[in-house]
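Note: the block below is protein_36.cif and it holds mmCIF, C-alpha atoms.
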```cif
data_work
#
loop_
_atom_site.label_atom_id
_atom_site.label_comp_id
_atom_site.auth_asym_id
_atom_site.auth_seq_id
_atom_site.Cartn_x
_atom_site.Cartn_y
_atom_site.Cartn_z
CA MET A 1160 154.30 113.12 23.50
CA LYS A 1161 152.15 115.74 21.79
CA ASP A 1162 154.63 115.86 18.90
CA LEU A 1163 153.95 112.17 18.22
CA ILE A 1164 150.20 112.58 18.03
CA ILE A 1165 148.20 114.13 15.22
CA ASP A 1166 147.61 117.86 15.34
CA LYS A 1167 144.45 119.05 17.01
CA LEU A 1168 141.62 118.92 14.52
CA THR A 1169 139.95 122.28 13.97
CA THR A 1170 137.27 122.12 11.30
CA GLU A 1171 139.61 120.44 8.84
CA ARG A 1172 138.01 119.35 5.59
CA THR A 1173 138.24 115.60 5.23
CA VAL A 1174 137.10 112.65 3.15
CA LEU A 1175 136.34 109.15 4.43
CA VAL A 1176 137.42 105.89 2.83
CA GLY A 1177 135.99 102.40 3.45
CA LEU A 1178 135.75 98.97 1.86
CA ILE A 1179 132.96 96.65 0.78
CA SER A 1180 134.52 93.24 1.36
CA ALA A 1181 133.62 89.58 1.79
CA THR A 1182 133.03 90.17 5.50
CA GLN A 1183 131.41 93.61 5.16
CA ASN A 1184 128.57 94.24 2.72
CA GLU A 1185 127.63 97.65 1.32
CA GLN A 1186 125.03 98.37 3.98
CA LYS A 1187 127.47 97.55 6.79
CA ALA A 1188 130.23 99.56 5.14
CA ASN A 1189 127.96 102.61 4.94
CA GLU A 1190 126.96 102.18 8.58
CA TYR A 1191 130.61 102.16 9.62
CA LEU A 1192 131.26 105.29 7.55
CA ASP A 1193 128.27 106.97 9.25
CA GLU A 1194 129.92 106.28 12.59
CA LEU A 1195 133.32 107.37 11.27
CA ALA A 1196 131.74 110.65 10.12
CA PHE A 1197 130.33 111.14 13.63
CA LEU A 1198 133.80 110.49 15.06
CA ALA A 1199 135.28 113.03 12.66
CA ASP A 1200 132.65 115.59 13.66
CA THR A 1201 133.37 114.92 17.34
CA ALA A 1202 137.07 115.56 16.67
CA GLY A 1203 136.27 118.82 14.90
CA ALA A 1204 136.53 117.84 11.24
CA GLU A 1205 134.11 118.48 8.38
CA THR A 1206 133.36 115.45 6.21
CA VAL A 1207 133.13 116.54 2.56
CA ARG A 1208 132.79 113.20 0.77
CA ARG A 1209 132.95 109.43 1.22
CA PHE A 1210 134.68 106.85 -0.97
CA LEU A 1211 133.81 103.14 -1.00
CA GLN A 1212 135.50 100.40 -3.00
CA ARG A 1213 134.54 96.76 -3.41
CA LEU A 1214 137.57 94.55 -2.65
CA ASP A 1215 137.88 91.06 -1.20
CA TYR A 1216 140.51 92.36 1.22
CA PRO A 1217 142.45 95.63 1.72
CA ASN A 1218 145.28 96.31 -0.69
CA PRO A 1219 148.48 95.60 1.31
CA ARG A 1220 150.20 98.65 -0.22
CA THR A 1221 147.53 101.35 -0.37
CA TYR A 1222 144.38 99.88 1.27
CA VAL A 1223 142.33 100.70 -1.87
CA GLY A 1224 143.18 99.94 -5.50
CA LYS A 1225 145.36 102.12 -7.71
CA GLY A 1226 142.41 103.53 -9.69
CA LYS A 1227 140.41 104.43 -6.54
CA LEU A 1228 143.47 106.06 -4.97
CA GLU A 1229 143.89 108.20 -8.09
CA GLU A 1230 140.21 109.20 -7.88
CA ILE A 1231 140.70 110.22 -4.25
CA ARG A 1232 143.86 112.19 -5.17
CA GLN A 1233 142.05 114.19 -7.82
CA PHE A 1234 139.21 115.03 -5.44
CA VAL A 1235 141.63 116.00 -2.65
CA GLU A 1236 143.59 118.32 -4.93
CA GLY A 1237 140.49 119.96 -6.37
CA ASN A 1238 138.55 120.55 -3.15
CA ASP A 1239 141.03 121.86 -0.57
CA ILE A 1240 141.05 118.63 1.45
CA GLY A 1241 143.62 118.49 4.24
CA MET A 1242 143.00 115.03 5.66
CA VAL A 1243 141.85 111.56 4.58
CA ILE A 1244 140.48 109.14 7.19
CA PHE A 1245 140.34 105.38 6.60
CA ASP A 1246 137.78 103.21 8.38
CA ASP A 1247 140.25 100.46 9.32
CA ASP A 1248 143.69 100.36 10.90
CA LEU A 1249 146.53 101.05 8.47
CA THR A 1250 150.04 99.64 8.58
CA SER A 1251 153.03 101.96 8.56
CA LYS A 1252 153.74 100.85 4.99
CA GLN A 1253 150.20 101.68 3.86
CA VAL A 1254 150.29 105.12 5.49
CA SER A 1255 153.66 105.92 3.92
CA ASN A 1256 152.49 104.88 0.44
CA ILE A 1257 149.16 106.72 0.70
CA GLU A 1258 150.81 109.90 2.00
CA ARG A 1259 153.24 109.81 -0.92
CA GLU A 1260 150.33 109.70 -3.37
CA LEU A 1261 147.83 112.06 -1.73
CA LYS A 1262 150.26 114.48 -0.02
CA VAL A 1263 147.84 115.18 2.86
CA LYS A 1264 147.49 113.96 6.43
CA ILE A 1265 146.41 110.31 6.64
CA LEU A 1266 144.51 108.96 9.65
CA ASP A 1267 142.90 105.64 10.40
CA ARG A 1268 139.99 104.89 12.71
CA THR A 1269 142.18 104.16 15.74
CA THR A 1270 144.22 107.36 15.37
CA LEU A 1271 141.00 109.37 15.25
CA ILE A 1272 139.59 107.68 18.36
CA LEU A 1273 142.88 108.25 20.22
CA ASP A 1274 142.78 111.93 19.33
CA ILE A 1275 139.23 112.23 20.70
CA PHE A 1276 140.23 110.39 23.85
CA ALA A 1277 143.21 112.70 24.34
CA LYS A 1278 140.97 115.76 23.99
CA ARG A 1279 138.29 114.38 26.33
CA ALA A 1280 140.58 113.12 29.11
CA GLN A 1281 140.36 115.35 32.19
CA THR A 1282 141.62 113.41 35.22
CA ALA A 1283 145.13 112.05 35.80
CA ASN A 1284 143.75 108.53 35.49
CA ALA A 1285 142.15 109.11 32.09
CA LYS A 1286 145.16 111.04 30.76
CA THR A 1287 147.53 108.25 31.81
CA GLN A 1288 145.36 105.59 30.19
CA VAL A 1289 145.09 107.57 26.96
CA GLU A 1290 148.83 108.20 26.82
CA LEU A 1291 149.50 104.49 27.36
CA ALA A 1292 147.15 103.57 24.52
CA GLN A 1293 148.81 106.17 22.27
CA TYR A 1294 152.30 104.82 22.88
CA GLN A 1295 151.16 101.23 22.39
CA TYR A 1296 149.64 102.24 19.08
CA LEU A 1297 152.68 104.25 17.96
CA LEU A 1298 155.28 101.64 18.86
CA PRO A 1299 154.91 99.42 15.76
CA ARG A 1300 154.60 102.55 13.58
CA LEU A 1301 157.89 104.16 14.52
CA THR A 1302 159.32 103.24 11.13
CA ARG A 1303 156.94 105.69 9.45
CA LEU A 1304 157.58 108.45 11.96
CA TRP A 1305 161.36 108.21 12.04
CA THR A 1306 162.47 106.96 8.60
CA HIS A 1307 164.73 109.99 8.19
CA LEU A 1308 166.74 108.91 11.25
CA GLU A 1309 167.17 105.21 10.52
CA ARG A 1310 170.51 105.46 8.70
CA GLN A 1311 173.82 106.18 10.36
CA ARG A 1312 176.80 107.50 8.46
CA GLY A 1313 179.51 104.91 7.94
CA GLY A 1314 183.23 105.12 7.34
CA ILE A 1315 186.34 105.46 9.45
CA GLY A 1316 185.71 107.05 12.78
CA MET A 1317 181.90 106.96 12.29
CA ARG A 1318 181.16 103.48 13.62
CA GLY A 1319 178.86 103.86 16.62
CA PRO A 1320 177.67 101.36 19.20
CA GLY A 1321 175.47 99.71 16.57
CA GLU A 1322 172.09 101.06 17.71
CA THR A 1323 170.13 102.97 15.08
CA GLN A 1324 167.89 105.92 15.94
CA ILE A 1325 164.77 103.81 15.42
CA GLU A 1326 166.01 101.31 18.01
CA THR A 1327 166.78 104.12 20.44
CA ASP A 1328 163.29 105.59 20.02
CA ARG A 1329 161.70 102.16 20.45
CA ARG A 1330 163.59 101.62 23.70
CA ILE A 1331 162.57 105.08 24.99
CA ILE A 1332 158.90 104.40 24.24
CA LEU A 1333 159.05 100.93 25.82
CA ASP A 1334 160.49 102.51 28.97
CA ARG A 1335 157.71 105.11 28.94
CA ILE A 1336 155.06 102.39 28.52
CA SER A 1337 156.52 100.55 31.50
CA ARG A 1338 156.38 103.71 33.66
CA LEU A 1339 152.81 104.46 32.60
CA LYS A 1340 151.73 100.94 33.56
CA GLU A 1341 153.31 101.43 36.99
CA GLU A 1342 151.46 104.74 37.38
CA LEU A 1343 148.18 103.01 36.50
CA LYS A 1344 148.86 100.32 39.10
CA ALA A 1345 149.28 103.02 41.75
CA ILE A 1346 146.06 104.72 40.61
CA ASP A 1347 144.26 101.37 40.67
CA LYS A 1348 145.34 100.80 44.28
CA GLN A 1349 144.08 104.23 45.25
CA LYS A 1350 140.74 103.64 43.57
CA ALA A 1351 140.46 100.20 45.20
CA VAL A 1352 140.79 101.89 48.61
CA GLN A 1353 138.12 104.41 47.61
CA ARG A 1354 135.74 101.62 46.58
CA LYS A 1355 136.43 99.78 49.83
CA ASN A 1356 135.61 102.90 51.85
CA ARG A 1357 132.20 103.18 50.23
CA GLY A 1358 130.91 100.46 52.50
CA LYS A 1359 128.42 97.81 51.48
CA LEU A 1360 126.07 99.96 49.43
CA THR A 1361 124.61 98.34 46.33
CA ARG A 1362 126.52 99.46 43.23
CA VAL A 1363 124.61 100.25 40.04
CA ALA A 1364 126.58 100.94 36.83
CA LEU A 1365 125.36 102.60 33.64
CA VAL A 1366 126.80 100.84 30.60
CA GLY A 1367 126.11 101.02 26.89
CA TYR A 1368 127.26 102.16 23.48
CA THR A 1369 128.71 105.64 23.22
CA ASN A 1370 126.20 108.51 22.83
CA VAL A 1371 123.13 106.57 23.98
CA GLY A 1372 122.31 109.01 26.81
CA LYS A 1373 124.01 107.47 29.86
CA SER A 1374 125.28 110.79 31.24
CA THR A 1375 121.91 112.47 30.67
CA LEU A 1376 120.23 109.64 32.59
CA MET A 1377 122.88 109.92 35.31
CA ASN A 1378 122.15 113.63 35.74
CA LEU A 1379 118.41 113.00 35.87
CA ILE A 1380 118.48 110.24 38.49
CA SER A 1381 121.25 111.63 40.69
CA LYS A 1382 120.46 115.32 40.18
CA SER A 1383 124.12 115.92 39.32
CA ASP A 1384 125.86 117.81 36.53
CA VAL A 1385 127.93 115.20 34.69
CA PHE A 1386 129.09 116.52 31.31
CA ALA A 1387 126.67 115.36 28.59
CA GLU A 1388 126.89 116.19 24.90
CA ASN A 1389 125.62 114.83 21.59
CA LYS A 1390 129.12 113.64 20.72
CA LEU A 1391 130.93 110.32 20.89
CA PHE A 1392 132.94 109.61 24.06
CA ALA A 1393 131.63 112.62 25.96
CA THR A 1394 132.48 110.68 29.14
CA LEU A 1395 135.89 109.06 29.70
CA ASP A 1396 136.13 109.19 33.49
CA THR A 1397 133.85 107.19 35.73
CA THR A 1398 131.57 109.32 37.89
CA VAL A 1399 130.04 107.90 41.09
CA ARG A 1400 127.07 109.46 42.88
CA LYS A 1401 125.11 108.31 45.92
CA ILE A 1402 121.39 108.15 45.28
CA THR A 1403 118.38 107.05 47.32
CA ILE A 1404 115.29 105.47 45.80
CA ASP A 1405 112.45 105.22 48.32
CA ASN A 1406 114.28 104.15 51.50
CA LEU A 1407 117.24 102.42 49.86
CA PRO A 1408 120.61 104.20 49.36
CA MET A 1409 122.91 103.00 46.56
CA LEU A 1410 125.79 104.12 44.36
CA LEU A 1411 125.23 105.01 40.70
CA THR A 1412 128.20 105.02 38.31
CA ASP A 1413 128.51 106.53 34.82
CA THR A 1414 131.12 104.84 32.61
CA VAL A 1415 132.85 105.29 29.25
CA GLY A 1416 130.80 104.18 26.25
CA PHE A 1417 131.75 101.36 23.90
CA ILE A 1418 132.07 101.42 20.12
CA ARG A 1419 132.55 99.03 17.20
CA LYS A 1420 136.09 98.31 15.99
CA LEU A 1421 137.53 99.51 19.31
CA PRO A 1422 141.23 98.51 19.33
CA THR A 1423 142.19 95.77 21.79
CA HIS A 1424 145.01 97.78 23.38
CA LEU A 1425 142.57 100.64 23.96
CA VAL A 1426 140.21 98.31 25.84
CA ASP A 1427 143.16 97.01 27.87
CA SER A 1428 144.26 100.53 28.78
CA PHE A 1429 140.78 101.42 30.05
CA LYS A 1430 140.13 98.24 32.01
CA SER A 1431 141.09 100.02 35.23
CA THR A 1432 138.41 102.64 34.51
CA LEU A 1433 135.93 99.82 33.97
CA ASP A 1434 136.72 98.28 37.36
CA GLU A 1435 133.56 100.05 38.53
CA VAL A 1436 131.63 97.89 36.06
CA ARG A 1437 133.43 94.74 37.10
CA GLU A 1438 132.67 95.32 40.78
CA SER A 1439 129.09 96.54 40.33
CA ASP A 1440 126.08 94.60 41.58
CA LEU A 1441 123.58 95.72 38.93
CA LEU A 1442 124.02 96.94 35.35
CA LEU A 1443 121.74 99.37 33.55
CA HIS A 1444 122.35 98.64 29.86
CA VAL A 1445 121.24 101.85 28.13
CA VAL A 1446 120.24 101.46 24.46
CA ASP A 1447 119.41 104.17 21.91
CA ILE A 1448 116.18 102.72 20.47
CA SER A 1449 116.09 105.44 17.80
CA HIS A 1450 119.37 104.26 16.28
CA PRO A 1451 118.77 102.15 13.15
CA ASN A 1452 121.37 99.56 14.25
CA PHE A 1453 120.76 99.39 17.96
CA GLU A 1454 120.67 95.58 17.83
CA GLU A 1455 124.32 95.45 16.76
CA GLN A 1456 125.21 98.03 19.40
CA ILE A 1457 123.71 95.72 22.02
CA GLU A 1458 125.90 92.87 20.75
CA VAL A 1459 129.03 95.07 20.89
CA VAL A 1460 128.32 96.07 24.49
CA ASP A 1461 127.51 92.50 25.58
CA LYS A 1462 130.75 91.23 24.02
CA THR A 1463 132.83 93.94 25.70
CA LEU A 1464 131.14 93.35 29.05
CA LYS A 1465 132.06 89.66 28.91
CA GLU A 1466 135.70 90.66 28.45
CA VAL A 1467 135.63 93.33 31.17
CA CYS A 1468 133.67 91.29 33.72
CA ASP A 1469 135.54 88.06 32.95
CA GLY A 1470 132.31 86.35 31.96
CA ALA A 1471 130.61 87.10 35.28
CA ASP A 1472 126.83 86.96 35.04
CA LYS A 1473 125.43 90.14 36.57
CA PRO A 1474 121.76 91.18 36.78
CA VAL A 1475 120.92 93.59 33.95
CA ILE A 1476 118.06 96.01 33.33
CA MET A 1477 117.69 96.87 29.64
CA VAL A 1478 116.91 100.58 29.37
CA PHE A 1479 115.64 101.51 25.90
CA ASN A 1480 116.25 105.26 25.79
CA LYS A 1481 115.30 108.10 23.41
CA ILE A 1482 111.73 106.99 22.75
CA ASP A 1483 110.96 110.68 22.18
CA ALA A 1484 113.16 110.55 19.05
CA PHE A 1485 111.48 107.46 17.67
CA SER A 1486 109.61 108.30 14.51
CA TYR A 1487 106.58 106.31 13.37
CA VAL A 1488 104.91 106.93 10.04
CA PRO A 1489 101.67 104.92 9.58
CA LYS A 1490 101.66 102.78 6.46
CA ASP A 1491 99.21 103.42 3.68
CA GLU A 1492 96.59 100.69 3.30
CA ASN A 1493 97.77 100.02 -0.25
CA ASP A 1494 101.44 99.86 0.76
CA LEU A 1495 102.53 96.23 0.37
CA THR A 1496 106.14 96.70 1.49
CA PRO A 1497 107.17 94.43 4.38
CA ARG A 1498 106.81 95.81 7.86
CA SER A 1499 110.07 96.86 9.45
CA ARG A 1500 111.20 98.39 12.73
CA GLU A 1501 110.74 101.85 11.23
CA ASN A 1502 107.01 101.40 10.57
CA ILE A 1503 105.95 99.63 13.76
CA PRO A 1504 104.51 101.77 16.58
CA LEU A 1505 106.44 101.88 19.85
CA ASP A 1506 103.55 100.24 21.70
CA GLU A 1507 103.91 97.24 19.39
CA LEU A 1508 107.69 97.26 19.78
CA ARG A 1509 107.17 96.77 23.50
CA GLU A 1510 105.52 93.45 22.71
CA THR A 1511 108.36 92.25 20.47
CA TRP A 1512 111.63 90.46 21.21
CA MET A 1513 113.07 93.53 22.96
CA SER A 1514 110.86 93.06 25.98
CA ARG A 1515 111.72 89.37 26.09
CA MET A 1516 115.48 89.58 25.71
CA ARG A 1517 115.91 90.30 29.44
CA ASP A 1518 113.75 89.70 32.47
CA ASP A 1519 113.62 93.44 33.04
CA CYS A 1520 113.16 96.00 30.26
CA VAL A 1521 111.94 99.57 30.40
CA PHE A 1522 111.34 102.19 27.69
CA ILE A 1523 112.25 105.75 28.67
CA SER A 1524 113.34 109.18 27.48
CA ALA A 1525 116.05 110.63 29.73
CA LYS A 1526 115.86 113.92 27.86
CA LYS A 1527 112.09 114.32 28.31
CA GLY A 1528 111.87 112.47 31.65
CA ILE A 1529 109.41 109.88 30.29
CA ASN A 1530 108.89 106.67 32.32
CA ILE A 1531 111.68 107.54 34.77
CA ASP A 1532 109.50 106.51 37.73
CA GLU A 1533 109.05 103.06 36.16
CA LEU A 1534 112.84 102.78 35.76
CA LYS A 1535 113.44 103.84 39.36
CA GLN A 1536 110.98 101.22 40.54
CA LYS A 1537 112.80 98.48 38.63
CA ILE A 1538 116.15 99.67 40.01
CA TYR A 1539 114.71 99.67 43.52
CA GLU A 1540 113.31 96.15 43.20
CA LYS A 1541 116.60 94.72 41.89
CA ALA A 1542 118.73 96.65 44.39
CA ARG A 1543 116.49 95.54 47.21
CA GLU A 1544 116.90 91.88 46.22
CA ILE A 1545 120.68 92.31 46.20
CA HIS A 1546 120.66 94.18 49.53
CA ILE A 1547 118.49 91.60 51.26
CA THR A 1548 120.70 88.77 49.96
CA ARG A 1549 123.71 90.56 51.40
CA PHE A 1550 121.99 91.59 54.65
CA PRO A 1551 119.10 89.15 55.36
CA TYR A 1552 118.25 90.81 58.69
CA ASN A 1553 117.25 93.99 56.83
CA ASP A 1554 114.31 92.21 55.20
CA PHE A 1555 112.21 92.95 58.28
CA LEU A 1556 112.90 96.68 57.94
CA PHE A 1557 111.86 96.65 54.29
CA GLN A 1558 108.62 94.87 55.15
CA LYS A 1559 107.94 97.44 57.86
CA TYR A 1560 108.44 100.33 55.43
CA ASP A 1561 106.22 98.61 52.85
CA ASP A 1562 103.44 98.21 55.44
CA LEU A 1563 103.65 101.91 56.26
CA ASP A 1564 103.49 102.83 52.58
CA SER A 1565 100.41 100.64 52.06
CA GLN A 1566 98.65 102.27 55.03
CA GLU A 1567 99.27 105.71 53.55
#
```
In structure tokens, how does this file's structure come out?
Amino acid sequence: MKDLIIDKLTTERTVLVGLISATQNEQKANEYLDELAFLADTAGAETVRRFLQRLDYPNPRTYVGKGKLEEIRQFVEGNDIGMVIFDDDLTSKQVSNIERELKVKILDRTTLILDIFAKRAQTANAKTQVELAQYQYLLPRLTRLWTHLERQRGGIGMRGPGETQIETDRRIILDRISRLKEELKAIDKQKAVQRKNRGKLTRVALVGYTNVGKSTLMNLISKSDVFAENKLFATLDTTVRKITIDNLPMLLTDTVGFIRKLPTHLVDSFKSTLDEVRESDLLLHVVDISHPNFEEQIEVVDKTLKEVCDGADKPVIMVFNKIDAFSYVPKDENDLTPRSRENIPLDELRETWMSRMRDDCVFISAKKGINIDELKQKIYEKAREIHITRFPYNDFLFQKYDDLDSQE
């Protein structure tokens, strides 16, 4: 399988290529390239330059136009570039044509994400899911990988059973995909038993865009040591910890982060990992408030959650994280430029639409430990409501504990 996947990236010099189209303006295209650059850095590549072209739709042969491709070729040859990464998925025909022109390794966004996933996967579950996603992605691209094996020699005595090498490889991969799906079913059954054995504790799941600080928050609340790093997809495996807030025990789960332009088959492969989200009682939607496009990130997460949870309406606490990284520069009195999110103090932001988009919102810094007590209180209140609904007879015990606390 490793021979079918791109080589491990080790500080390879790369350039990024994107489009300004009818559905993606220049600002949006640059935002996507910013994220693509972060993905490249996470994979171990060094981004040297970016190329953008304005086209109504991608060129079916080479993604970009002939003139832009020639510009990229000249830069690649003159600057020791070993890889070019495109911001959208490429067809096998496009990759073949681009490779012929540029003579370097060609990746698209999905290939890059798959490589990161393969490097990050640690458990058997994650590795199986990543391998399944890789094969599903490679299947329609076998023509590019095996063009040198498609032809069979003809003539007397050379007529075979009629199956070309490409058909043989396709059948082998389809068989492997089938086996991987069966392995995932077995893993799912095992995890279902594990979840069943956890009893009736309230389940709280951390969800959000990738690199918003979920694992850091998990470590802070549960006093655990979940791997956390300023990279995309630092967490692929779900981690469950038992925590107690005041007198109420519950389970806290850290999950894989979401991202824009995440391939459908990749989401499908990881749905078993996201079963913890589907079966949770309360969601903590963590948002990086310092990110310039956090509103769109919220939309991406909400859309993915609807797919994962089958439209189920679960209680959500919006956790606006990284307030320590929020920069506010007071405006000059003579500055007549319109006010924007960047020049509004955080105290004023708390009074804006963010605090009204959900019934429960809290502004914290997991890194600095700011407002964590307020977050814990909100978690406790929501978890208590869920627990009492599930076990009405426990309401008396909660009231008794509250009376004791008030006396103290």
Who sits within 10 Å of Phe1234 of chain A, only C-alpha atoms, same chain under 5 positions skipped, as number ranges by chain: A: 1174, 1208, 1228-1229, 1239-1240, 1261
Near-Leu1211 of chain A list (10 Å; only C-alpha atoms; drop same-chain fewer than 4 positions) as a PyMOL selection string: chain A and resi 1175-1179+1185+1188-1189+1192+1223+1227
Hits from the PyMOL selection byres ((chain A and resi 1243) around 7), listed as JSON, numbers by chain: {"A": [1173, 1174, 1175, 1242, 1244, 1245, 1264, 1265, 1266]}
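Comparing A:Asp1246, A:Glu1171, A:Asp1519, A:Asp1447 by their smallest distance to Val1207 of chain A, the closest is A:Glu1171 (using all atoms listed in the file).
Evaluated against the shown file, the PyMOL selection byres ((chain A and resi 1258) around 12) gives Arg1220, Thr1221, Tyr1222, Leu1228, Ile1231, Arg1232, Val1235, Gly1241, Met1242, Val1243, Ile1244, Leu1249, Ser1251, Lys1252, Gln1253, Val1254, Ser1255, Asn1256, Ile1257, Arg1259, Glu1260, Leu1261, Lys1262, Val1263, Lys1264, Ile1265, Leu1266 and Arg1303 of chain A.
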Selection dump of the PyMOL selection byres ((chain A and resi 1418) around 12), as a count of residues only: 36
Pairwise distance for atom CA of Glu1342 of chain A and atom CA of Asn1284 of chain A, rounded to one decimal in Å: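 One can read the atom CA of Glu1342 of chain A to atom CA of Asn1284 of chain A distance as 8.8 Å.
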Separation of atom CA of Ile1538 of chain A from atom CA of Met1409 of chain A, in Å and rounded to one decimal: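 These atoms are spaced 10.0 Å apart.
In this structure, atom CA of Glu1435 of chain A sits 7.7 Å away from atom CA of Thr1397 of chain A.
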Residue neighbourhood Val1289 of chain A, 7 Å, all atoms listed in the file, exclusion window fewer than 4 positions, as a list of chain:residue names: A:Phe1276, A:Ala1277, A:Ala1285, A:Gln1293
For Ile1402 of chain A, the nearest of the candidates A:Ile1336, A:Ile1545, A:Leu1365, A:Met1377, counting all atoms listed in the file: A:Met1377
Selected residue of minimal separation from Glu1341 of chain A among A:Thr1206, A:Thr1201, A:Asn1406, A:Thr1287, counting all atoms listed in the file: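 Closest candidate: A:Thr1287.
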